[in-house]
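The structure appears below as structure tokens.
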Amino acid sequence: MNNNYISVGALTRYIKYKIDNDVNLQEVYIKGEISNFKKHSRGHFYFTIKDEESRISAIMFASSTKNVAFEPIDGTKVLVKGRISVFEQTGNYQIYVSEMMEDGVGNLYALYEKLKQDLKKEGLFDESHKKEIPKVPNRVGVVTAPTGAAIRDIISTINRRYPLCEVILFPSLVQGNGAKEDIVNKIKIADTYNLDTLIVGRGGGSIEDLWAFNEEIVARAIFNCKTPVISAVGHEIDFTIADFVADVRAATPTGAAEIAVPDKNELIKLIKQLELRASKNVNNIINHNKTILDKIKTSYILKNPMSIYEIKEQKLSNTIDKLNNYITNYIENKKIRLDNIKTSYVLSNPEKIFENKNNKYNHLIEKLEVLNPLNTLKRGYSITKIDNKVITDIKKVKKGDTISVSLKNGEIGATVIETR
């Protein structure tokens, strides 16, 4: 029997493993026509996507179906985004759909996703590039259409929250031909006005209406703008490329105005709190210093200023007494030492000292006389030398050597005839 046979389940699991680990199948975009559409009671969509050449089973879970903006039915042409996998029980491969829209705006959505990924990889969305929005601005610029709800909402919100702020409108096209170039131009102009914050946006609309804010040149103009930018495009569910590039994204134009300026009522409360805190701190400092002053005023030193000098004078007197005692003791010690020297045996008996020293000297002379070799010569002895070296051993003398013999009254030179 061939041991290479495997089960259907094992084969299906292997195929599923290969498909699930293929990066090209983790995010796919396909278009086609819906057929066999079924909506589950739990909100899931089950359907088939087909075209003239083939078909593929599809499932869209309830967590994703809530974002579908139309009612899918058989025959609807759609654009879907999802991942490919295998349903093991049937062995069929299918697409798990995460996003779906009606065909017509699909091309725009694909372009949107591609540009979004490209700019993200380039780093235009990184938090490290985001600038902080000033908390209390003097001047806010707005790039939007000069008419419509967006500019009215922004101006009314700023005037209500913080009327001290100046609002400068840079009127621009926000949709249609020439809109993207006009938006870029107005952003560049606004960036020269020394603004604290710039709001760029418009009201809600379809993806086609909002498309100018998905253009690459608009995204780069926002990214390069030195003024902090708040994007305010569309309503809460609408995200554009401009939202990702801007320093802060607001869900609505009204929300952008609320981010751009503080609430005057909150500022008034804050000022009052700071005023109370400052007043309390000043009072604490005054009371603290007053306590210190009272202690100084009632201090012993101020009441008895002469005590300072009395203490110093007492210390000086003690120091003088110590010095006097030290000097007196020093002189007394030296005087006692002098008296001891004057009454010493040496000074009172100098002759006796000399006699003792003379006796010691004579005794040493006598010792030296006993050891003096000349005295030995006087008794008839002699000293024999060769080359000024005393001979103590006859073995060190040989026939023919010249020797000298020292006597008590001179020396004799001689030549050795023989030794024995």
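Residue numbers start at 1 in each chain; chains themselves are named A, B, ... in the order of the structure tokens; ligands are numbered from 1 in the order shown.
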
Checklist entry - Could you name the residues that touch A:Ala190 at 10 Å or less, counting only C-alpha atoms, but leaving out those on the same chain fewer than 4 positions away, as a ChimeraX atom specification? => result /A:140-143,168-170,184-186,194-195,197-198,225,227

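The residues of stretch 65-96 of chain A that DSSP classifies as strand (DSSP E or B), using the backbone of this structure, are A:Lys77, A:Val78, A:Leu79, A:Val80, A:Lys81, A:Gly82, A:Arg83, A:Ile84, A:Ser85, A:Val86, A:Phe87, A:Asn92, A:Tyr93, A:Gln94, A:Ile95, A:Tyr96.
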
Checklist entry - Residues at most 10 Å from A:Asp387, counting only C-alpha atoms, excluding those fewer than 4 positions away in the same chain, as a ChimeraX atom specification? => result /A:391,402-404

Would you kindly return, as an mmCIF file with C-alpha atoms, in the first residue's frame, each protein, DNA or RNA residue with an atom no farther than 12 Å from any atom of A:Glu266, considering only C-alpha atoms and excluding same-chain residues fewer than 4 positions away?
data_model
loop_
_atom_site.group_PDB
_atom_site.id
_atom_site.type_symbol
_atom_site.label_atom_id
_atom_site.label_comp_id
_atom_site.auth_asym_id
_atom_site.auth_seq_id
_atom_site.Cartn_x
_atom_site.Cartn_y
_atom_site.Cartn_z
ATOM 1 C CA VAL A 136 -4.845 80.885 23.170
ATOM 2 C CA ARG A 161 -16.135 80.809 22.505
ATOM 3 C CA TYR A 162 -13.358 83.388 22.172
ATOM 4 C CA VAL A 261 -9.831 78.500 20.373
ATOM 5 C CA PRO A 262 -10.488 78.148 24.101
ATOM 6 C CA LEU A 270 -9.340 79.649 35.143
ATOM 7 C CA ILE A 271 -8.416 83.320 35.618
ATOM 8 C CA LYS A 272 -10.555 83.500 38.754
ATOM 9 C CA GLN A 273 -8.937 80.332 40.078
#

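Minimum atom-to-atom distances from A:Ala246, A:Val78, A:Ala260, A:Val28 to A:Cys165 were compared using only C-alpha atoms, and the lowest value belongs to A:Ala260.
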
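For A:Lys16, the list of residues within 12 Å, based on only C-alpha atoms and with local chain neighbours fewer than 4 positions off taken out, reads Gly9, Ala10, Leu11, Thr12, Asp20, Asn21, Asp22, Leu25, Ile84, Ser85, Val86, Phe87, Glu88, Gln89, Thr90, Gly91, Asn92, Tyr93 and Gln94 of chain A.
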
Next on the checklist: From a backbone DSSP assignment, name each residue in stretch 239-385 of chain A labelled alpha helix (DSSP H), as a ChimeraX atom specification.
Outcome noted: /A:241-245,253-260,264-297,300-303,306-342,345-348,350-371,373-378

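Atom CA of A:Phe213 to atom CA of A:Ala251 spans 14.2 Å [interatomic distance, one decimal].
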
At a cut-off of 12 Å, using only C-alpha atoms, what residues contact A:Glu215? Leave out same-chain residues fewer than 4 positions from it and give the result as a PDB file with C-alpha atoms, in the first residue's frame.
ATOM      1  CA  LEU A 108     -11.821  56.656  -6.425  1.00  0.00           C
ATOM      2  CA  LEU A 111      -6.934  55.519  -5.561  1.00  0.00           C
ATOM      3  CA  TYR A 112      -7.617  56.802  -2.050  1.00  0.00           C
ATOM      4  CA  GLU A 113      -6.275  53.609  -0.447  1.00  0.00           C
ATOM      5  CA  LYS A 114      -3.171  53.552  -2.658  1.00  0.00           C
ATOM      6  CA  LEU A 115      -2.284  57.188  -1.941  1.00  0.00           C
ATOM      7  CA  LYS A 116      -2.975  56.683   1.752  1.00  0.00           C
ATOM      8  CA  LEU A 119       2.045  58.702   2.001  1.00  0.00           C
ATOM      9  CA  VAL A 174     -13.662  72.948  -2.267  1.00  0.00           C
ATOM     10  CA  GLN A 175     -14.923  70.653  -5.033  1.00  0.00           C
ATOM     11  CA  GLY A 178      -9.553  73.491 -10.070  1.00  0.00           C
ATOM     12  CA  ALA A 179     -10.458  72.883  -6.412  1.00  0.00           C
ATOM     13  CA  LYS A 180      -7.240  71.089  -5.452  1.00  0.00           C
ATOM     14  CA  GLU A 181      -5.029  73.796  -7.012  1.00  0.00           C
ATOM     15  CA  ASP A 182      -7.062  76.553  -5.359  1.00  0.00           C
ATOM     16  CA  ILE A 183      -6.844  74.890  -1.930  1.00  0.00           C
ATOM     17  CA  VAL A 184      -3.059  74.514  -2.271  1.00  0.00           C
ATOM     18  CA  GLU A 208     -16.668  62.678  -5.083  1.00  0.00           C
ATOM     19  CA  LEU A 210     -14.722  65.486  -0.784  1.00  0.00           C
ATOM     20  CA  TRP A 211     -12.180  64.272  -3.316  1.00  0.00           C
ATOM     21  CA  ALA A 219      -1.770  66.594   1.367  1.00  0.00           C
ATOM     22  CA  ARG A 220       1.761  67.860   0.679  1.00  0.00           C
ATOM     23  CA  ALA A 221       0.694  71.505   1.011  1.00  0.00           C
ATOM     24  CA  ILE A 222      -0.740  70.754   4.471  1.00  0.00           C
ATOM     25  CA  THR A 240      -9.768  62.110   3.979  1.00  0.00           C
ATOM     26  CA  ILE A 241      -6.038  62.096   3.259  1.00  0.00           C
ATOM     27  CA  ALA A 242      -5.982  65.670   4.592  1.00  0.00           C
ATOM     28  CA  ASP A 243      -7.152  64.362   7.985  1.00  0.00           C
ATOM     29  CA  VAL A 245      -1.594  64.678   7.237  1.00  0.00           C
TER      30      VAL A 245
END

Next on the checklist: Just the number, please: distance in Å from atom CA of A:Met306 to atom CA of A:Asn318, one decimal.
Outcome noted: 18.3 Å

Next on the checklist: Excluding A:Ile30 and its own-chain neighbours fewer than 4 positions away, which residues fall within 7 Å of it when counting only C-alpha atoms? Please give them as a PyMOL selection string.
Outcome noted: chain A and resi 79-81

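Considering the residues A:Asn349, A:Asn359, A:Thr144, A:Ser156 and counting only C-alpha atoms, A:Val200 has its shortest atom-to-atom contact with A:Thr144.
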